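Structure data (mmCIF, C-alpha atoms) from model-v5.cif:
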```
data_data
loop_
_atom_site.group_PDB
_atom_site.id
_atom_site.type_symbol
_atom_site.label_atom_id
_atom_site.label_comp_id
_atom_site.auth_asym_id
_atom_site.auth_seq_id
_atom_site.Cartn_x
_atom_site.Cartn_y
_atom_site.Cartn_z
ATOM 1 C CA ASP A 1 -38.282 -70.279 -48.124
ATOM 2 C CA GLN A 2 -38.712 -66.682 -47.084
ATOM 3 C CA GLN A 3 -42.448 -65.979 -47.085
ATOM 4 C CA VAL A 4 -42.039 -62.352 -45.993
ATOM 5 C CA LYS A 5 -39.298 -60.324 -47.627
ATOM 6 C CA GLN A 6 -37.857 -56.915 -46.974
ATOM 7 C CA ASN A 7 -35.533 -56.423 -49.912
ATOM 8 C CA SER A 8 -33.940 -53.178 -48.741
ATOM 9 C CA PRO A 9 -31.519 -53.811 -45.872
ATOM 10 C CA SER A 10 -31.180 -50.105 -45.177
ATOM 11 C CA LEU A 11 -32.739 -46.707 -45.862
ATOM 12 C CA SER A 12 -31.463 -43.218 -45.111
ATOM 13 C CA VAL A 13 -33.707 -40.127 -45.137
ATOM 14 C CA GLN A 14 -33.484 -36.532 -44.018
ATOM 15 C CA GLU A 15 -35.364 -35.372 -40.941
ATOM 16 C CA GLY A 16 -38.799 -34.035 -41.866
ATOM 17 C CA ARG A 17 -39.045 -36.022 -45.091
ATOM 18 C CA ILE A 18 -41.072 -39.164 -45.739
ATOM 19 C CA SER A 19 -39.688 -42.635 -45.006
ATOM 20 C CA ILE A 20 -41.159 -45.492 -47.036
ATOM 21 C CA LEU A 21 -40.370 -49.026 -45.955
ATOM 22 C CA ASN A 22 -41.438 -51.882 -48.183
ATOM 23 C CA CYS A 23 -42.364 -55.505 -47.648
ATOM 24 C CA ASP A 24 -43.382 -58.296 -50.036
ATOM 25 C CA TYR A 25 -45.002 -61.596 -49.206
ATOM 26 C CA THR A 26 -45.658 -64.805 -51.084
ATOM 27 C CA ASN A 27 -48.503 -66.458 -49.182
ATOM 28 C CA SER A 28 -51.942 -65.224 -50.202
ATOM 29 C CA MET A 29 -53.379 -66.859 -47.070
ATOM 30 C CA PHE A 30 -51.859 -64.259 -44.770
ATOM 31 C CA ASP A 31 -54.765 -62.378 -43.192
ATOM 32 C CA TYR A 32 -53.108 -59.848 -40.889
ATOM 33 C CA PHE A 33 -49.951 -57.768 -41.172
ATOM 34 C CA LEU A 34 -47.965 -55.845 -38.578
ATOM 35 C CA TRP A 35 -44.981 -53.511 -38.399
ATOM 36 C CA TYR A 36 -42.525 -53.519 -35.515
ATOM 37 C CA LYS A 37 -39.647 -51.215 -34.643
ATOM 38 C CA LYS A 38 -36.549 -52.476 -32.862
ATOM 39 C CA TYR A 39 -33.806 -50.555 -31.121
ATOM 40 C CA PRO A 40 -30.503 -52.295 -30.278
ATOM 41 C CA ALA A 41 -30.616 -54.465 -27.142
ATOM 42 C CA GLU A 42 -34.414 -54.181 -26.923
ATOM 43 C CA GLY A 43 -37.292 -56.344 -28.046
ATOM 44 C CA PRO A 44 -39.448 -55.350 -31.043
ATOM 45 C CA THR A 45 -42.065 -52.688 -30.338
ATOM 46 C CA PHE A 46 -45.470 -52.917 -32.044
ATOM 47 C CA LEU A 47 -46.166 -49.946 -34.330
ATOM 48 C CA ILE A 48 -49.198 -50.494 -36.517
ATOM 49 C CA SER A 49 -51.198 -53.290 -38.108
ATOM 50 C CA ILE A 50 -53.626 -53.903 -40.950
ATOM 51 C CA SER A 51 -56.175 -56.574 -41.725
ATOM 52 C CA SER A 52 -56.181 -58.176 -45.162
ATOM 53 C CA ILE A 53 -59.680 -56.812 -45.753
ATOM 54 C CA LYS A 54 -58.380 -53.232 -45.663
ATOM 55 C CA ASP A 55 -55.939 -51.357 -47.860
ATOM 56 C CA LYS A 56 -54.880 -48.569 -45.520
ATOM 57 C CA ASN A 57 -54.506 -47.926 -41.815
ATOM 58 C CA GLU A 58 -53.250 -44.703 -40.266
ATOM 59 C CA ASP A 59 -51.995 -43.890 -36.779
ATOM 60 C CA GLY A 60 -50.430 -40.497 -36.285
ATOM 61 C CA ARG A 61 -47.258 -40.227 -38.340
ATOM 62 C CA PHE A 62 -47.486 -43.880 -39.405
ATOM 63 C CA THR A 63 -49.558 -45.218 -42.304
ATOM 64 C CA VAL A 64 -49.547 -48.770 -43.599
ATOM 65 C CA PHE A 65 -50.732 -49.544 -47.135
ATOM 66 C CA LEU A 66 -51.664 -53.033 -48.328
ATOM 67 C CA ASN A 67 -51.823 -54.058 -52.001
ATOM 68 C CA LYS A 68 -53.140 -57.614 -51.995
ATOM 69 C CA SER A 69 -52.955 -58.116 -55.745
ATOM 70 C CA ALA A 70 -49.236 -57.283 -55.665
ATOM 71 C CA LYS A 71 -48.708 -59.023 -52.298
ATOM 72 C CA HIS A 72 -47.008 -55.866 -51.097
ATOM 73 C CA LEU A 73 -47.277 -53.639 -48.079
ATOM 74 C CA SER A 74 -45.505 -50.459 -47.123
ATOM 75 C CA LEU A 75 -45.029 -48.301 -44.055
ATOM 76 C CA HIS A 76 -44.957 -44.536 -44.478
ATOM 77 C CA ILE A 77 -43.532 -42.331 -41.746
ATOM 78 C CA VAL A 78 -44.273 -38.629 -42.151
ATOM 79 C CA PRO A 79 -42.504 -36.524 -41.033
ATOM 80 C CA SER A 80 -39.474 -38.637 -40.175
ATOM 81 C CA GLN A 81 -37.658 -37.829 -36.932
ATOM 82 C CA PRO A 82 -34.166 -38.820 -35.746
ATOM 83 C CA GLY A 83 -35.781 -40.917 -32.998
ATOM 84 C CA ASP A 84 -37.323 -43.088 -35.722
ATOM 85 C CA SER A 85 -33.858 -44.470 -36.510
ATOM 86 C CA ALA A 86 -34.173 -48.201 -35.812
ATOM 87 C CA VAL A 87 -34.666 -51.552 -37.509
ATOM 88 C CA TYR A 88 -38.180 -52.028 -38.882
ATOM 89 C CA PHE A 89 -39.718 -55.463 -39.330
ATOM 90 C CA CYS A 90 -42.868 -56.371 -41.177
ATOM 91 C CA ALA A 91 -44.655 -59.503 -40.039
ATOM 92 C CA ALA A 92 -47.607 -61.544 -41.224
ATOM 93 C CA ILE A 93 -50.043 -63.927 -39.588
ATOM 94 C CA PRO A 94 -51.142 -66.977 -41.573
ATOM 95 C CA GLY A 95 -54.876 -67.361 -41.936
ATOM 96 C CA SER A 96 -54.807 -71.117 -41.437
ATOM 97 C CA GLY A 97 -55.019 -72.171 -37.812
ATOM 98 C CA ASN A 98 -55.445 -69.665 -35.046
ATOM 99 C CA THR A 99 -52.153 -69.653 -33.182
ATOM 100 C CA GLY A 100 -51.392 -66.136 -34.347
ATOM 101 C CA LYS A 101 -47.691 -66.833 -34.811
ATOM 102 C CA LEU A 102 -45.827 -64.084 -36.614
ATOM 103 C CA ILE A 103 -43.713 -64.643 -39.710
ATOM 104 C CA PHE A 104 -41.151 -61.846 -39.963
ATOM 105 C CA GLY A 105 -39.160 -60.284 -42.756
ATOM 106 C CA GLN A 106 -35.420 -59.739 -42.400
ATOM 107 C CA GLY A 107 -35.761 -56.116 -41.371
ATOM 108 C CA THR A 108 -34.804 -52.716 -42.810
ATOM 109 C CA THR A 109 -32.498 -50.364 -40.916
ATOM 110 C CA LEU A 110 -33.797 -46.799 -41.104
ATOM 111 C CA GLN A 111 -31.483 -43.885 -40.445
ATOM 112 C CA VAL A 112 -33.034 -40.437 -40.138
ATOM 113 C CA LYS A 113 -30.414 -37.714 -40.449
ATOM 114 C CA PRO A 114 -30.895 -34.413 -38.585
ATOM 115 C CA ASP B 1 -48.565 -52.737 -16.215
ATOM 116 C CA THR B 2 -44.823 -53.052 -16.739
ATOM 117 C CA GLY B 3 -44.999 -55.046 -19.946
ATOM 118 C CA VAL B 4 -43.352 -58.362 -20.790
ATOM 119 C CA SER B 5 -40.243 -59.131 -18.758
ATOM 120 C CA GLN B 6 -37.525 -61.693 -19.382
ATOM 121 C CA ASP B 7 -34.781 -63.027 -17.178
ATOM 122 C CA PRO B 8 -31.839 -63.134 -17.507
ATOM 123 C CA ARG B 9 -31.053 -60.449 -20.063
ATOM 124 C CA HIS B 10 -27.732 -62.051 -20.899
ATOM 125 C CA LYS B 11 -26.414 -65.588 -20.468
ATOM 126 C CA ILE B 12 -22.980 -66.923 -21.334
ATOM 127 C CA THR B 13 -22.599 -70.670 -21.065
ATOM 128 C CA LYS B 14 -20.220 -73.369 -22.155
ATOM 129 C CA ARG B 15 -21.164 -75.854 -24.796
ATOM 130 C CA GLY B 16 -22.911 -78.856 -23.326
ATOM 131 C CA GLN B 17 -24.428 -77.003 -20.380
ATOM 132 C CA ASN B 18 -28.160 -76.581 -19.778
ATOM 133 C CA VAL B 19 -29.777 -73.151 -19.606
ATOM 134 C CA THR B 20 -33.242 -71.953 -18.622
ATOM 135 C CA PHE B 21 -34.887 -68.647 -19.455
ATOM 136 C CA ARG B 22 -37.969 -67.126 -17.879
ATOM 137 C CA CYS B 23 -40.688 -64.934 -19.362
ATOM 138 C CA ASP B 24 -43.367 -63.051 -17.449
ATOM 139 C CA PRO B 25 -46.089 -61.926 -19.848
ATOM 140 C CA ILE B 26 -48.547 -59.058 -19.497
ATOM 141 C CA SER B 27 -50.899 -60.389 -16.840
ATOM 142 C CA GLU B 28 -54.181 -60.427 -18.761
ATOM 143 C CA HIS B 29 -52.702 -61.983 -21.910
ATOM 144 C CA ASN B 30 -53.594 -65.625 -22.493
ATOM 145 C CA ARG B 31 -51.318 -66.092 -25.523
ATOM 146 C CA LEU B 32 -47.574 -66.492 -25.073
ATOM 147 C CA TYR B 33 -44.955 -66.985 -27.774
ATOM 148 C CA TRP B 34 -41.226 -67.718 -27.914
ATOM 149 C CA TYR B 35 -39.103 -66.568 -30.856
ATOM 150 C CA ARG B 36 -35.408 -66.751 -31.675
ATOM 151 C CA GLN B 37 -33.502 -64.038 -33.506
ATOM 152 C CA THR B 38 -30.054 -64.292 -35.020
ATOM 153 C CA LEU B 39 -27.942 -61.473 -36.398
ATOM 154 C CA GLY B 40 -29.358 -59.878 -39.540
ATOM 155 C CA GLN B 41 -32.584 -61.872 -39.446
ATOM 156 C CA GLY B 42 -36.084 -61.307 -38.217
ATOM 157 C CA PRO B 43 -37.397 -63.246 -35.226
ATOM 158 C CA GLU B 44 -38.335 -66.878 -35.952
ATOM 159 C CA PHE B 45 -41.268 -68.559 -34.237
ATOM 160 C CA LEU B 46 -40.406 -71.345 -31.783
ATOM 161 C CA THR B 47 -43.537 -72.187 -29.817
ATOM 162 C CA TYR B 48 -46.967 -70.957 -28.715
ATOM 163 C CA PHE B 49 -49.035 -71.333 -25.544
ATOM 164 C CA GLN B 50 -52.724 -70.627 -25.093
ATOM 165 C CA ASN B 51 -53.000 -70.367 -21.313
ATOM 166 C CA GLU B 52 -51.070 -73.435 -20.066
ATOM 167 C CA ALA B 53 -51.480 -75.524 -23.227
ATOM 168 C CA GLN B 54 -48.592 -75.665 -25.695
ATOM 169 C CA LEU B 55 -50.473 -75.678 -29.001
ATOM 170 C CA GLU B 56 -47.737 -75.330 -31.601
ATOM 171 C CA LYS B 57 -44.030 -76.051 -31.847
ATOM 172 C CA SER B 58 -41.786 -75.118 -34.745
ATOM 173 C CA ARG B 59 -39.547 -77.714 -36.326
ATOM 174 C CA LEU B 60 -36.734 -75.374 -35.187
ATOM 175 C CA LEU B 61 -37.477 -76.599 -31.662
ATOM 176 C CA SER B 62 -35.324 -79.704 -31.481
ATOM 177 C CA ASP B 63 -35.724 -82.259 -28.713
ATOM 178 C CA ARG B 64 -33.066 -80.377 -26.734
ATOM 179 C CA PHE B 65 -35.555 -77.542 -26.297
ATOM 180 C CA SER B 66 -38.504 -77.647 -23.950
ATOM 181 C CA ALA B 67 -40.940 -74.961 -22.896
ATOM 182 C CA GLU B 68 -43.527 -74.828 -20.166
ATOM 183 C CA ARG B 69 -46.169 -72.451 -18.941
ATOM 184 C CA PRO B 70 -47.442 -73.799 -15.634
ATOM 185 C CA LYS B 71 -50.810 -72.403 -14.560
ATOM 186 C CA GLY B 72 -50.913 -70.210 -17.642
ATOM 187 C CA SER B 73 -48.779 -67.500 -16.100
ATOM 188 C CA PHE B 74 -45.009 -67.231 -16.570
ATOM 189 C CA SER B 75 -43.175 -69.446 -19.048
ATOM 190 C CA THR B 76 -39.764 -71.096 -19.110
ATOM 191 C CA LEU B 77 -37.655 -72.165 -22.069
ATOM 192 C CA GLU B 78 -34.932 -74.725 -21.373
ATOM 193 C CA ILE B 79 -32.136 -75.699 -23.710
ATOM 194 C CA GLN B 80 -30.275 -78.886 -22.829
ATOM 195 C CA ARG B 81 -26.741 -79.695 -23.978
ATOM 196 C CA THR B 82 -26.264 -76.293 -25.570
ATOM 197 C CA GLU B 83 -24.450 -76.004 -28.883
ATOM 198 C CA GLN B 84 -22.708 -72.999 -30.415
ATOM 199 C CA GLY B 85 -25.511 -72.765 -32.960
ATOM 200 C CA ASP B 86 -27.919 -72.004 -30.118
ATOM 201 C CA SER B 87 -26.294 -68.586 -29.674
ATOM 202 C CA ALA B 88 -29.055 -66.089 -30.406
ATOM 203 C CA MET B 89 -31.518 -63.641 -28.886
ATOM 204 C CA TYR B 90 -34.499 -65.454 -27.378
ATOM 205 C CA LEU B 91 -37.624 -63.310 -27.376
ATOM 206 C CA CYS B 92 -40.878 -63.819 -25.539
ATOM 207 C CA ALA B 93 -44.121 -62.132 -26.573
ATOM 208 C CA SER B 94 -47.656 -62.098 -25.228
ATOM 209 C CA GLY B 95 -51.011 -60.977 -26.585
ATOM 210 C CA GLN B 96 -54.744 -61.400 -26.571
ATOM 211 C CA SER B 97 -55.509 -61.087 -30.282
ATOM 212 C CA TYR B 98 -53.390 -60.261 -33.311
ATOM 213 C CA GLU B 99 -50.892 -57.834 -31.794
ATOM 214 C CA GLN B 100 -48.032 -59.305 -29.814
ATOM 215 C CA TYR B 101 -45.963 -57.406 -27.281
ATOM 216 C CA PHE B 102 -42.353 -58.407 -26.872
ATOM 217 C CA GLY B 103 -40.030 -58.527 -23.907
ATOM 218 C CA PRO B 104 -36.441 -57.257 -24.057
ATOM 219 C CA GLY B 105 -35.076 -60.709 -24.877
ATOM 220 C CA THR B 106 -32.385 -62.958 -23.438
ATOM 221 C CA ARG B 107 -29.072 -62.884 -25.288
ATOM 222 C CA LEU B 108 -27.488 -66.369 -25.160
ATOM 223 C CA THR B 109 -23.837 -66.872 -25.995
ATOM 224 C CA VAL B 110 -22.525 -70.444 -26.108
ATOM 225 C CA THR B 111 -18.741 -70.663 -25.950
#
```
Is it possible to give me this structure as structure tokens?
Amino acid sequence: DQQVKQNSPSLSVQEGRISILNCDYTNSMFDYFLWYKKYPAEGPTFLISISSIKDKNEDGRFTVFLNKSAKHLSLHIVPSQPGDSAVYFCAAIPGSGNTGKLIFGQGTTLQVKP
Amino acid sequence: DTGVSQDPRHKITKRGQNVTFRCDPISEHNRLYWYRQTLGQGPEFLTYFQNEAQLEKSRLLSDRFSAERPKGSFSTLEIQRTEQGDSAMYLCASGQSYEQYFGPGTRLTVT
């Protein structure tokens, strides 16, 4: 079963506008969430993270929001730039055990048009 | 620091052959992970090392797969008797706490 879901396979936005990428999860025991960006033929690059005890974390143009009651998190990119075009993955770390393994969603392909 | 490196970047092999991949993590990181990614999916966890100890293995890691991390430094992932279903991107990541930093991956094609 897919514990972390990204239901939108793709998103297209205009340069300068806001990009909002969404992620839903089913396991209430997840205690840490991360977003990664991936360009073709490269490994995922860490973007931003959030602990389950917070509801918002901001880093420059990137903000992650966590809604625990809805089991939903989102990544906001403002303003969007053409270089942001990539596949974005959300990932979660289960609270049980301490291996820190990541459970990923399927990814959302973001295209930012000039 | 040059980040996580993986070798080779690409590997084409015939079904039934053995292959070995290498990962060099960021030097001060004691945690090392292997993931596998297939087309259209997110990476899937395979195994985890804390220093030289392999502490978790996914059920995806059949007995044809073995991983080592001698002396808690670099790691190797070996696949014996490769099958076409093993074709995927194999990713290595390292970290010290929650965030993990990925290498460029090894693309395996089994013909």
Starting from the displayed file, determine the output of the PyMOL selection byres ((chain B) within 12 of (chain A)) and express the residue list as a ChimeraX atom specification.
-> /B:3-6,9-10,30-51,53-58,89-107
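The residues returned by the PyMOL selection byres ((chain B and resi 20) around 8) for this structure are Asn18, Val19, Phe21, Arg22, Thr76, Leu77, Glu78 and Ile79 of chain B.
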Nearest-residue call for Arg15 of chain B, choices B:Glu68, B:Asp63, B:Glu28, B:Asp86, using only C-alpha atoms |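 Smallest separation from Arg15 of chain B among the options: B:Asp86.
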Point-to-point distance from atom CA of Asp31 of chain A to atom CA of Ser73 of chain B, Å rounded to tenths =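 Going from atom CA of Asp31 of chain A over to atom CA of Ser73 of chain B, I get 28.2 Å.
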Distance atom CA of Gly83 of chain A-atom CA of Ala88 of chain B, one decimal place?
->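 These atoms are spaced 26.2 Å apart.
Put simply, the PyMOL selection byres ((chain A and resi 63) around 10) on this file hits Ile20, Leu47, Ile48, Ser49, Ile50, Lys56, Asn57, Glu58, Asp59, Gly60, Arg61, Phe62, Val64, Phe65, Ser74, Leu75, His76, Ile77 and Val78 of chain A.
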Interatomic distance (Å, one decimal) between atom CA of Ala86 of chain A and atom CA of Thr109 of chain A = 5.8 Å
Have a look at A:Val112, A:Ile53, A:Leu66, A:Met29 and name the one nearest to Arg17 of chain A; count only C-alpha atoms.
->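 Distance minimum relative to Arg17 of chain A lands on A:Val112.
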Residues near Asp84 of chain A, cut-off 10 Å, all atoms listed in the file, skip fewer than 5 positions along chain, as a VMD selection string | chain A and resid 15 19 37 to 39 77 79 110 to 113
Using all atoms listed in the file, the shortest atom-to-atom distance to Ser28 of chain A among A:Ser69, A:Gln2, A:Asn7, A:Ser80 belongs to A:Ser69
